[in-house]
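Data from query-v4.txt: compact mmCIF, C-alpha atoms
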```
# COMPACT_ATOMS: atom_id res chain seq x y z
CA MET A 630 108.38 58.45 -128.28
CA ALA A 631 109.24 60.55 -131.31
CA ALA A 632 106.85 61.75 -133.99
CA ARG A 633 107.90 59.11 -136.44
CA LYS A 634 106.74 55.97 -138.12
CA ARG A 635 109.23 53.17 -137.72
CA ALA A 636 110.49 52.00 -141.10
CA SER A 637 109.57 48.42 -141.99
CA ALA A 638 111.10 46.07 -144.49
CA ALA A 639 108.53 47.19 -147.05
CA ASP A 640 109.47 50.82 -146.50
CA THR A 641 113.15 50.34 -147.14
CA LYS A 642 114.50 50.86 -150.60
CA PRO A 643 115.71 47.88 -152.64
CA SER A 644 119.44 47.38 -152.56
CA PRO A 645 121.26 48.81 -155.58
CA PRO A 646 122.86 46.48 -158.13
CA PRO A 647 126.50 45.51 -157.59
CA GLN A 648 128.79 48.33 -158.53
CA THR A 649 131.40 47.95 -161.24
CA GLN A 650 134.57 49.92 -161.68
CA GLU A 651 132.69 52.33 -163.95
CA THR A 652 129.96 52.93 -161.31
CA THR A 653 130.47 55.98 -159.18
CA THR A 654 130.61 55.55 -155.41
CA GLN A 655 127.28 56.25 -153.72
CA ILE A 656 127.44 59.08 -151.20
CA ASP A 657 124.98 59.24 -148.34
CA PRO A 658 122.89 62.42 -148.37
CA PRO A 659 124.05 64.78 -145.61
CA ILE A 660 121.67 65.82 -142.85
CA ALA A 661 120.73 69.47 -142.46
CA PRO A 662 123.38 71.63 -140.72
CA PRO A 663 122.91 72.42 -137.01
CA LYS A 664 120.82 75.45 -136.04
CA LYS A 665 123.67 77.31 -134.35
CA ALA A 666 121.85 80.65 -134.02
CA LEU A 667 119.15 79.07 -131.83
CA ILE A 668 121.71 77.48 -129.52
CA PHE A 669 123.75 80.69 -129.29
CA LYS A 670 120.67 82.69 -128.23
CA PHE A 671 119.81 80.17 -125.52
CA CYS A 672 123.39 80.01 -124.21
CA LEU A 673 123.52 83.81 -123.98
CA PHE A 674 120.13 83.93 -122.25
CA PHE A 675 121.06 81.24 -119.69
CA SER A 676 124.74 82.04 -119.04
CA ILE A 677 124.13 85.60 -117.83
CA PRO A 678 122.06 84.70 -114.70
CA TYR A 679 124.04 81.50 -114.16
CA PHE A 680 127.47 83.13 -113.99
CA TYR A 681 126.04 86.10 -112.10
CA LEU A 682 124.94 83.72 -109.35
CA LEU A 683 128.26 81.87 -109.49
CA TYR A 684 130.53 84.93 -109.32
CA GLN A 685 128.59 87.89 -107.94
CA HIS A 686 125.41 87.15 -106.03
CA TYR A 687 126.72 84.37 -103.79
CA THR A 688 130.00 83.87 -102.02
CA ILE A 689 131.04 80.39 -103.14
CA GLU A 690 134.26 78.72 -102.00
CA GLN A 691 137.11 79.00 -104.49
CA GLU A 692 137.69 75.24 -104.60
CA LEU A 693 134.03 74.51 -105.30
CA ARG A 694 133.85 77.22 -107.95
CA ARG A 695 137.00 75.81 -109.56
CA SER A 696 135.44 72.33 -109.82
CA ILE A 697 132.28 73.77 -111.39
CA LEU A 698 134.33 75.69 -113.98
CA ILE A 699 136.49 72.66 -114.83
CA ASN A 700 133.31 70.68 -115.36
CA ALA A 701 131.90 73.50 -117.52
CA SER A 702 135.09 73.57 -119.62
CA LEU A 703 134.78 69.85 -120.29
CA CYS A 704 131.14 70.44 -121.24
CA VAL A 705 132.10 73.00 -123.89
CA THR A 706 134.39 70.38 -125.46
CA GLY A 707 131.58 67.83 -125.20
CA PHE A 708 129.17 70.17 -126.97
CA PHE A 709 131.37 70.52 -130.05
CA LEU A 710 132.26 66.82 -129.99
CA THR A 711 128.58 65.85 -129.94
CA GLN A 712 127.81 68.26 -132.78
CA ARG A 713 130.60 66.72 -134.84
CA MET A 714 129.64 63.10 -134.09
CA ILE A 715 125.91 63.33 -134.84
CA PRO A 716 126.28 63.58 -138.66
CA VAL A 717 128.76 60.68 -138.61
CA ALA A 718 126.46 58.51 -136.51
CA SER A 719 123.50 59.45 -138.73
CA ARG A 720 125.17 57.87 -141.75
CA TYR A 721 125.76 54.64 -139.87
CA VAL A 722 122.20 54.29 -138.53
CA LEU A 723 120.79 55.03 -142.01
CA LYS A 724 122.95 52.27 -143.48
CA ARG A 725 121.55 49.88 -140.88
CA GLY A 726 117.96 50.86 -141.72
CA LEU A 727 117.39 52.59 -138.38
CA PHE A 728 115.29 55.50 -139.60
CA GLY A 729 111.72 56.74 -139.50
CA PHE A 730 109.30 59.11 -141.20
CA ASP A 731 107.93 62.25 -139.56
CA ILE A 732 104.21 61.61 -138.98
CA ASN A 733 103.53 65.30 -138.36
CA LYS A 734 104.62 66.03 -141.93
CA LYS A 735 102.74 63.19 -143.62
CA GLY A 736 101.41 64.25 -147.00
CA THR A 737 104.23 66.72 -147.62
CA PRO A 738 107.66 66.19 -149.24
CA GLN A 739 109.28 66.31 -145.76
CA GLY A 740 107.09 63.41 -144.69
CA THR A 741 108.86 61.08 -147.14
CA VAL A 742 112.38 61.87 -145.92
CA GLU A 743 114.22 59.09 -144.10
CA VAL A 744 115.18 60.62 -140.76
CA PRO A 745 117.94 58.80 -138.81
CA GLU A 746 116.79 57.54 -135.41
CA SER A 747 118.30 56.84 -131.99
CA LEU A 748 120.85 59.66 -132.12
CA GLY A 749 120.48 59.89 -128.36
CA ILE A 750 123.16 57.20 -128.23
CA VAL A 751 125.74 59.83 -129.27
CA VAL A 752 124.67 62.17 -126.48
CA GLY A 753 124.79 59.35 -123.94
CA ILE A 754 128.28 58.24 -124.94
CA VAL A 755 129.74 61.75 -124.87
CA PHE A 756 128.06 62.40 -121.53
CA LEU A 757 129.62 59.29 -119.99
CA VAL A 758 133.06 60.19 -121.32
CA LEU A 759 132.82 63.70 -119.84
CA ALA A 760 131.55 62.42 -116.49
CA ILE A 761 134.30 59.81 -116.24
CA LEU A 762 137.07 62.25 -117.23
CA PHE A 763 135.84 64.72 -114.62
CA GLN A 764 136.64 62.22 -111.86
CA TYR A 765 140.35 62.82 -112.52
CA PHE A 766 140.02 66.51 -111.63
CA ASN A 767 137.63 66.35 -108.69
CA PHE A 768 137.54 63.02 -106.87
CA THR A 769 140.23 61.16 -104.95
CA ALA A 770 140.32 57.44 -104.19
CA ASP A 771 138.99 58.02 -100.66
CA SER A 772 136.29 60.54 -101.64
CA ASN A 773 132.98 60.03 -99.86
CA TRP A 774 131.05 60.76 -103.05
CA LEU A 775 133.03 58.53 -105.42
CA VAL A 776 130.98 55.37 -104.80
CA GLU A 777 127.65 57.11 -105.35
CA TYR A 778 129.05 59.01 -108.35
CA ASN A 779 130.09 55.75 -110.03
CA ALA A 780 126.79 54.12 -109.06
CA ALA A 781 124.95 57.03 -110.69
CA LEU A 782 127.02 56.61 -113.87
CA ALA A 783 126.33 52.86 -113.84
CA SER A 784 122.57 53.47 -113.69
CA ILE A 785 122.74 56.07 -116.45
CA CYS A 786 124.89 53.78 -118.62
CA PHE A 787 122.50 50.89 -118.01
CA MET A 788 119.57 53.11 -119.01
CA ILE A 789 121.32 54.18 -122.24
CA LEU A 790 121.87 50.53 -123.14
CA LEU A 791 118.27 49.55 -122.40
CA GLY A 792 116.98 52.60 -124.27
CA PHE A 793 118.96 51.64 -127.37
CA VAL A 794 117.66 48.08 -127.07
CA ASP A 795 114.14 49.54 -126.99
CA ASP A 796 114.86 51.58 -130.13
CA VAL A 797 116.08 48.50 -131.98
CA LEU A 798 113.51 45.96 -130.73
CA ASP A 799 110.56 48.35 -130.18
CA VAL A 800 109.48 46.66 -126.94
CA PRO A 801 105.86 46.88 -125.65
CA TRP A 802 104.74 49.61 -123.23
CA ARG A 803 104.48 47.26 -120.27
CA VAL A 804 108.14 46.32 -120.71
CA LYS A 805 109.13 49.97 -121.07
CA LEU A 806 107.83 50.60 -117.55
CA LEU A 807 110.16 47.93 -116.16
CA LEU A 808 113.35 49.11 -117.88
CA PRO A 809 114.05 52.06 -115.52
CA SER A 810 113.51 49.77 -112.52
CA ILE A 811 116.31 47.53 -113.77
CA ALA A 812 118.62 50.43 -114.60
CA ALA A 813 118.12 52.02 -111.15
CA LEU A 814 119.40 48.91 -109.32
CA PRO A 815 123.11 49.99 -109.19
CA LEU A 816 122.11 53.29 -107.60
CA LEU A 817 119.71 51.71 -105.10
CA MET A 818 122.23 49.06 -104.05
CA ALA A 819 125.09 51.54 -103.60
CA TYR A 820 123.02 54.25 -101.90
CA ALA A 821 124.37 54.83 -98.41
CA GLY A 822 122.68 58.15 -97.64
CA HIS A 823 119.92 58.84 -95.18
CA THR A 824 116.45 57.37 -95.56
CA THR A 825 114.72 60.05 -93.50
CA ILE A 826 112.39 62.85 -94.48
CA ILE A 827 111.76 66.17 -92.73
CA ILE A 828 108.12 66.49 -91.76
CA PRO A 829 106.55 69.79 -92.90
CA LYS A 830 106.02 72.12 -89.96
CA PRO A 831 102.21 72.23 -90.29
CA LEU A 832 102.10 68.42 -89.97
CA ILE A 833 104.51 67.94 -87.04
CA SER A 834 101.72 68.10 -84.46
CA TYR A 835 99.88 65.28 -86.26
CA VAL A 836 102.92 63.05 -86.90
CA GLY A 837 104.51 63.65 -83.49
CA GLN A 838 108.09 64.05 -84.72
CA GLU A 839 110.13 66.37 -86.94
CA VAL A 840 112.14 63.68 -88.76
CA LEU A 841 110.72 60.35 -89.95
CA ASP A 842 112.88 57.39 -90.99
CA LEU A 843 111.21 55.55 -93.88
CA GLY A 844 113.82 52.78 -94.24
CA TRP A 845 113.21 50.55 -97.27
CA VAL A 846 110.16 52.64 -98.23
CA TYR A 847 112.52 55.50 -99.08
CA LYS A 848 114.47 53.29 -101.50
CA LEU A 849 111.19 52.17 -103.05
CA TYR A 850 110.35 55.83 -103.52
CA MET A 851 113.74 56.36 -105.20
CA GLY A 852 113.04 53.55 -107.63
CA LEU A 853 109.57 54.86 -108.44
CA LEU A 854 110.99 58.35 -109.00
CA ALA A 855 113.46 56.92 -111.53
CA VAL A 856 110.62 55.10 -113.31
CA PHE A 857 108.50 58.25 -113.45
CA CYS A 858 111.21 60.62 -114.66
CA THR A 859 112.36 58.35 -117.49
CA ASN A 860 108.90 57.48 -118.76
CA SER A 861 107.48 60.99 -118.29
CA ILE A 862 110.03 62.43 -120.73
CA ASN A 863 109.32 59.54 -123.08
CA ILE A 864 105.53 60.00 -123.24
CA HIS A 865 105.55 63.82 -123.36
CA ALA A 866 106.92 63.74 -126.90
CA GLY A 867 105.96 63.68 -130.55
CA LEU A 868 107.05 67.12 -131.79
CA ASN A 869 110.36 68.14 -133.31
CA GLY A 870 112.51 69.41 -130.44
CA LEU A 871 110.08 68.71 -127.61
CA GLU A 872 111.93 65.83 -125.93
CA VAL A 873 115.28 67.63 -125.95
CA GLY A 874 113.72 71.04 -125.35
CA GLN A 875 111.97 70.04 -122.14
CA THR A 876 115.19 68.44 -120.91
CA VAL A 877 117.12 71.66 -121.62
CA VAL A 878 114.56 73.76 -119.73
CA ILE A 879 114.45 71.45 -116.69
CA ALA A 880 118.25 71.03 -116.62
CA SER A 881 118.68 74.81 -116.70
CA ALA A 882 116.26 75.20 -113.78
CA ILE A 883 118.10 72.48 -111.85
CA LEU A 884 121.44 74.27 -112.29
CA ILE A 885 119.99 77.59 -111.09
CA HIS A 886 118.45 75.80 -108.11
CA ASN A 887 121.75 74.08 -107.26
CA LEU A 888 123.68 77.36 -107.26
CA MET A 889 121.04 79.07 -105.13
CA GLN A 890 121.18 76.26 -102.56
CA ILE A 891 124.99 76.24 -102.49
CA GLY A 892 125.12 80.01 -102.02
CA ALA A 893 122.45 80.11 -99.32
CA SER A 894 123.71 77.18 -97.21
CA SER A 895 126.53 76.91 -94.69
CA ASP A 896 126.41 73.10 -94.43
CA PRO A 897 129.41 71.59 -96.31
CA GLU A 898 127.66 68.27 -96.91
CA TYR A 899 124.57 70.01 -98.29
CA LYS A 900 126.75 72.08 -100.61
CA GLN A 901 128.55 68.97 -101.88
CA ALA A 902 125.21 67.29 -102.62
CA HIS A 903 124.18 70.15 -104.89
CA ALA A 904 127.65 70.41 -106.42
CA PHE A 905 127.36 66.70 -107.22
CA SER A 906 124.17 67.53 -109.09
CA ILE A 907 125.91 70.29 -111.07
CA TYR A 908 128.71 67.92 -112.11
CA LEU A 909 126.16 65.69 -113.87
CA VAL A 910 123.61 68.24 -115.10
CA GLN A 911 126.11 70.53 -116.85
CA PRO A 912 127.24 67.71 -119.20
CA LEU A 913 123.59 66.77 -119.74
CA LEU A 914 122.75 70.34 -120.73
CA ALA A 915 125.77 70.76 -123.02
CA THR A 916 125.27 67.52 -124.95
CA SER A 917 121.50 68.07 -125.14
CA LEU A 918 122.03 71.51 -126.68
CA ALA A 919 124.21 69.94 -129.36
CA LEU A 920 121.45 67.43 -130.10
CA LEU A 921 118.80 70.16 -130.07
CA SER A 922 120.67 71.99 -132.84
CA TYR A 923 119.81 69.04 -135.12
CA ASN A 924 116.47 68.04 -133.57
CA TRP A 925 114.78 71.47 -133.60
CA TYR A 926 112.07 72.02 -136.21
CA PRO A 927 112.46 70.89 -138.93
CA SER A 928 114.25 67.96 -137.35
CA SER A 929 117.05 66.27 -139.28
CA VAL A 930 117.50 63.52 -136.66
CA PHE A 931 115.25 61.71 -134.18
CA VAL A 932 116.49 61.26 -130.62
CA GLY A 933 114.85 57.90 -129.95
CA ASP A 934 113.96 56.30 -126.64
CA THR A 935 117.70 56.13 -125.96
CA TYR A 936 117.77 59.85 -125.26
CA THR A 937 114.49 60.16 -123.36
CA TYR A 938 115.45 57.33 -121.00
CA PHE A 939 118.97 58.70 -120.57
CA ALA A 940 117.78 62.25 -119.84
CA GLY A 941 115.06 61.12 -117.43
CA MET A 942 117.40 58.79 -115.52
CA THR A 943 120.09 61.48 -115.23
CA MET A 944 117.67 63.98 -113.73
CA ALA A 945 116.21 61.34 -111.41
CA VAL A 946 119.71 60.42 -110.20
CA VAL A 947 120.70 64.01 -109.38
CA GLY A 948 117.36 64.64 -107.67
CA ILE A 949 117.83 61.57 -105.48
CA LEU A 950 121.50 62.04 -104.57
CA GLY A 951 121.14 65.82 -104.35
CA HIS A 952 118.20 65.36 -101.94
CA TYR A 953 115.78 67.68 -103.74
CA SER A 954 113.31 65.18 -105.22
CA GLU A 955 110.32 67.33 -104.14
CA THR A 956 111.67 70.30 -106.10
CA LEU A 957 112.44 68.03 -109.06
CA LEU A 958 108.84 66.80 -109.18
CA ILE A 959 107.58 70.40 -109.31
CA PHE A 960 110.00 71.08 -112.18
CA PHE A 961 108.30 68.10 -113.84
CA LEU A 962 104.83 69.64 -113.37
CA PRO A 963 103.85 69.49 -117.09
CA GLN A 964 105.07 65.88 -117.20
CA VAL A 965 102.95 65.07 -114.14
CA LEU A 966 99.91 66.61 -115.84
CA ASN A 967 100.66 64.69 -119.04
CA PHE A 968 100.94 61.46 -117.05
CA LEU A 969 97.58 62.06 -115.35
CA LEU A 970 95.95 62.76 -118.72
CA SER A 971 97.57 59.63 -120.17
CA LEU A 972 96.71 57.32 -117.28
CA PRO A 973 93.36 56.03 -118.63
CA GLN A 974 95.01 54.96 -121.89
CA LEU A 975 98.25 53.69 -120.38
CA SER A 976 96.31 51.57 -117.88
CA GLY A 977 94.20 50.02 -120.66
CA TYR A 978 90.93 51.51 -119.41
CA VAL A 979 90.66 53.49 -122.65
CA LYS A 980 91.93 52.19 -125.98
CA CYS A 981 95.50 53.37 -126.57
CA PRO A 982 96.68 53.76 -130.21
CA ARG A 983 100.29 53.25 -131.24
CA HIS A 984 100.83 56.97 -131.81
CA ARG A 985 98.83 59.43 -129.70
CA LEU A 986 99.70 62.42 -131.84
CA PRO A 987 97.61 65.35 -133.05
CA ARG A 988 96.10 65.24 -136.54
CA PHE A 989 98.13 66.99 -139.24
CA ASN A 990 96.53 68.84 -142.13
CA PRO A 991 99.02 68.91 -145.06
CA GLU A 992 97.07 71.69 -146.79
CA THR A 993 97.29 74.18 -143.91
CA GLY A 994 100.36 72.76 -142.17
CA LEU A 995 98.52 72.95 -138.82
CA LEU A 996 97.98 70.37 -136.09
CA THR A 997 94.58 69.66 -134.56
CA GLY A 998 94.14 68.06 -131.15
CA THR A 999 92.57 64.59 -130.93
CA ARG A 1000 90.73 62.97 -128.02
CA ASP A 1001 93.88 61.10 -126.95
CA GLY A 1002 94.95 61.86 -123.39
CA THR A 1003 98.18 63.80 -123.81
CA LEU A 1004 99.15 67.32 -122.83
CA ILE A 1005 99.86 68.07 -126.51
CA ASN A 1006 96.30 67.22 -127.58
CA PHE A 1007 94.79 68.84 -124.49
CA TYR A 1008 96.64 72.09 -125.22
CA LEU A 1009 95.53 72.07 -128.86
CA ARG A 1010 91.91 71.50 -127.81
CA MET A 1011 92.17 74.50 -125.48
CA VAL A 1012 93.91 77.03 -127.76
CA GLY A 1013 93.08 75.74 -131.25
CA GLN A 1014 95.19 74.68 -134.20
CA LYS A 1015 98.91 75.41 -134.20
CA SER A 1016 101.88 74.71 -136.42
CA GLU A 1017 104.29 72.12 -135.06
CA LYS A 1018 107.01 74.68 -134.37
CA MET A 1019 104.73 77.12 -132.56
CA LEU A 1020 103.13 74.32 -130.56
CA CYS A 1021 106.54 73.14 -129.39
CA ILE A 1022 107.52 76.69 -128.41
CA HIS A 1023 104.27 77.09 -126.45
CA LEU A 1024 104.79 73.80 -124.60
CA LEU A 1025 108.38 74.72 -123.73
CA LEU A 1026 107.13 78.06 -122.39
CA VAL A 1027 104.64 76.11 -120.25
CA GLN A 1028 107.60 74.03 -119.03
CA ALA A 1029 109.55 77.19 -118.18
CA LEU A 1030 106.54 78.67 -116.37
CA GLY A 1031 106.28 75.46 -114.35
CA CYS A 1032 109.91 75.84 -113.28
CA CYS A 1033 109.33 79.51 -112.39
CA PHE A 1034 106.30 78.45 -110.35
CA CYS A 1035 108.55 76.05 -108.44
CA PHE A 1036 111.01 78.82 -107.56
CA MET A 1037 108.15 81.10 -106.48
CA LEU A 1038 106.62 78.33 -104.38
CA ARG A 1039 109.92 77.64 -102.61
CA TYR A 1040 110.31 81.36 -101.89
CA LEU A 1041 106.78 81.76 -100.51
CA LEU A 1042 106.94 78.63 -98.34
CA ALA A 1043 110.48 79.15 -97.03
CA GLY A 1044 110.52 79.07 -93.25
CA TRP A 1045 106.88 78.00 -92.98
CA TYR A 1046 106.74 74.67 -94.77
CA LYS A 1047 110.08 73.28 -93.58
```

Please go through the file and, once you have read it, give me the structure as structure tokens.
Amino acid sequence: MAARKRASAADTKPSPPPQTQETTTQIDPPIAPPKKALIFKFCLFFSIPYFYLLYQHYTIEQELRRSILINASLCVTGFFLTQRMIPVASRYVLKRGLFGFDINKKGTPQGTVEVPESLGIVVGIVFLVLAILFQYFNFTADSNWLVEYNAALASICFMILLGFVDDVLDVPWRVKLLLPSIAALPLLMAYAGHTTIIIPKPLISYVGQEVLDLGWVYKLYMGLLAVFCTNSINIHAGLNGLEVGQTVVIASAILIHNLMQIGASSDPEYKQAHAFSIYLVQPLLATSLALLSYNWYPSSVFVGDTYTYFAGMTMAVVGILGHYSETLLIFFLPQVLNFLLSLPQLSGYVKCPRHRLPRFNPETGLLTGTRDGTLINFYLRMVGQKSEKMLCIHLLLVQALGCCFCFMLRYLLAGWYK
């Protein structure tokens, strides 16, 4: 859910008169250039600890490290390809009338600009191309992970398609909740992993066993996790850069977690599960950074539900197949809080407006929190008025603190909880 007002037929401009030979060819206005300095700073900040863990802190097998680096090399290509394709795709969606107006800039000149929507489709396509090409370098025909890898790609592809359908048709909220359930079917049907959970040590005496087989309940849990992750990204939105920014922060935390688990484990199967996660999250991070360079404040493109569904499904898939869904949910701590705050309105108990955004004052350029149940409004009510850019930065810092809290919690509970 982006901070935009969907353009209607009345909003669109009348078609120009037929051009004659003397009429000059109309050129679409270009979107603002990407914010490369922002992306460079983040890449420098993230790459130092990431490659330190990969090369120095842990002893990782040469073959596994080689696969991670090949995947990373493809991701660099995907980053530049995505950056190049976004302006091209923007012209096409504008021609088709798929644009919106930034509600958080209403009453200012920027609020009247037609912003191209659904640019998440570019990220999704490049991601799928990278993930499919990577199979050539890493998987063989008899690989144990190939079936689940392709099932994961099928679910992600299905979610991209349904997200784009949502952007075009603007389906109701109740239907939105069902879309991830449909997209998760390929993964659930192809899943051949275990359906057991390890009982926390303090609860073993009450349960009577260390490992509990949940059977079909575990697959139900997998489906519900996919529904939560996709919709939680979608409803924690409404600011320039927030949807992509939170994905970048969570994806970075996932990659650090994967490397830590690979380096600390001696179980080959466990290592492959986390390497599988890296193979999908690195392309997600690279393509999302390219999109963020256009979507950061002031945004020149909107990501649409296509991106939020795609990002949420990708992270749900790696959490399920990498067997760290508990850790993933703690990474999603701000999204969990936002969901709990939103529950009265989403359930219909409290009236839910079309856009649950803060109130913008065009004279001061500041946002004021409303009584709507979102983390954005709750934060504004706690700390006071903020500009859109500063509010987004604060919320992304909250997201990062939530991820740091997860790492601290795992460290403190190691050996006692499980």

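Shortest separation to Gln1028 of chain A among A:Ile879, A:Leu918, A:Leu1009, A:Ala1043 occurs at residue A:Ile879, atoms counted being all atoms listed in the file.
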
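Going from atom CA of Leu762 of chain A over to atom CA of Ile699 of chain A, you cover 10.7 Å.
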
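Counting all atoms listed in the file, the residue from A:Pro831, A:Asn887, A:Leu673, A:Met944 that sits nearest to Leu1042 of chain A is A:Pro831.
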
message = Just checking: using all atoms listed in the file, which residue out of A:Pro897, A:Pro912, A:Gly998, A:Gly941 ends up closest to Val856 of chain A?
response = A:Gly941

request  = Name all residues at most 8 Å from Glu839 of chain A (count only C-alpha atoms; drop same-chain ones fewer than 4 positions away) and give them as a PyMOL selection string.
outcome  = chain A and resi 827-830+833

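Remark: for Leu727 of chain A, the closest of the candidate residues A:Leu782, A:Ile750, A:Ala819, A:Val744 is A:Val744 (distances computed over all atoms listed in the file).
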
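Going from atom CA of Glu743 of chain A to atom CA of Leu798 of chain A covers 18.8 Å.
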
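In this comparison, which uses all atoms listed in the file, the residue of A:Gly1044, A:Leu748, A:Ile789, A:Ser696 approaching Tyr765 of chain A most closely is A:Ser696.
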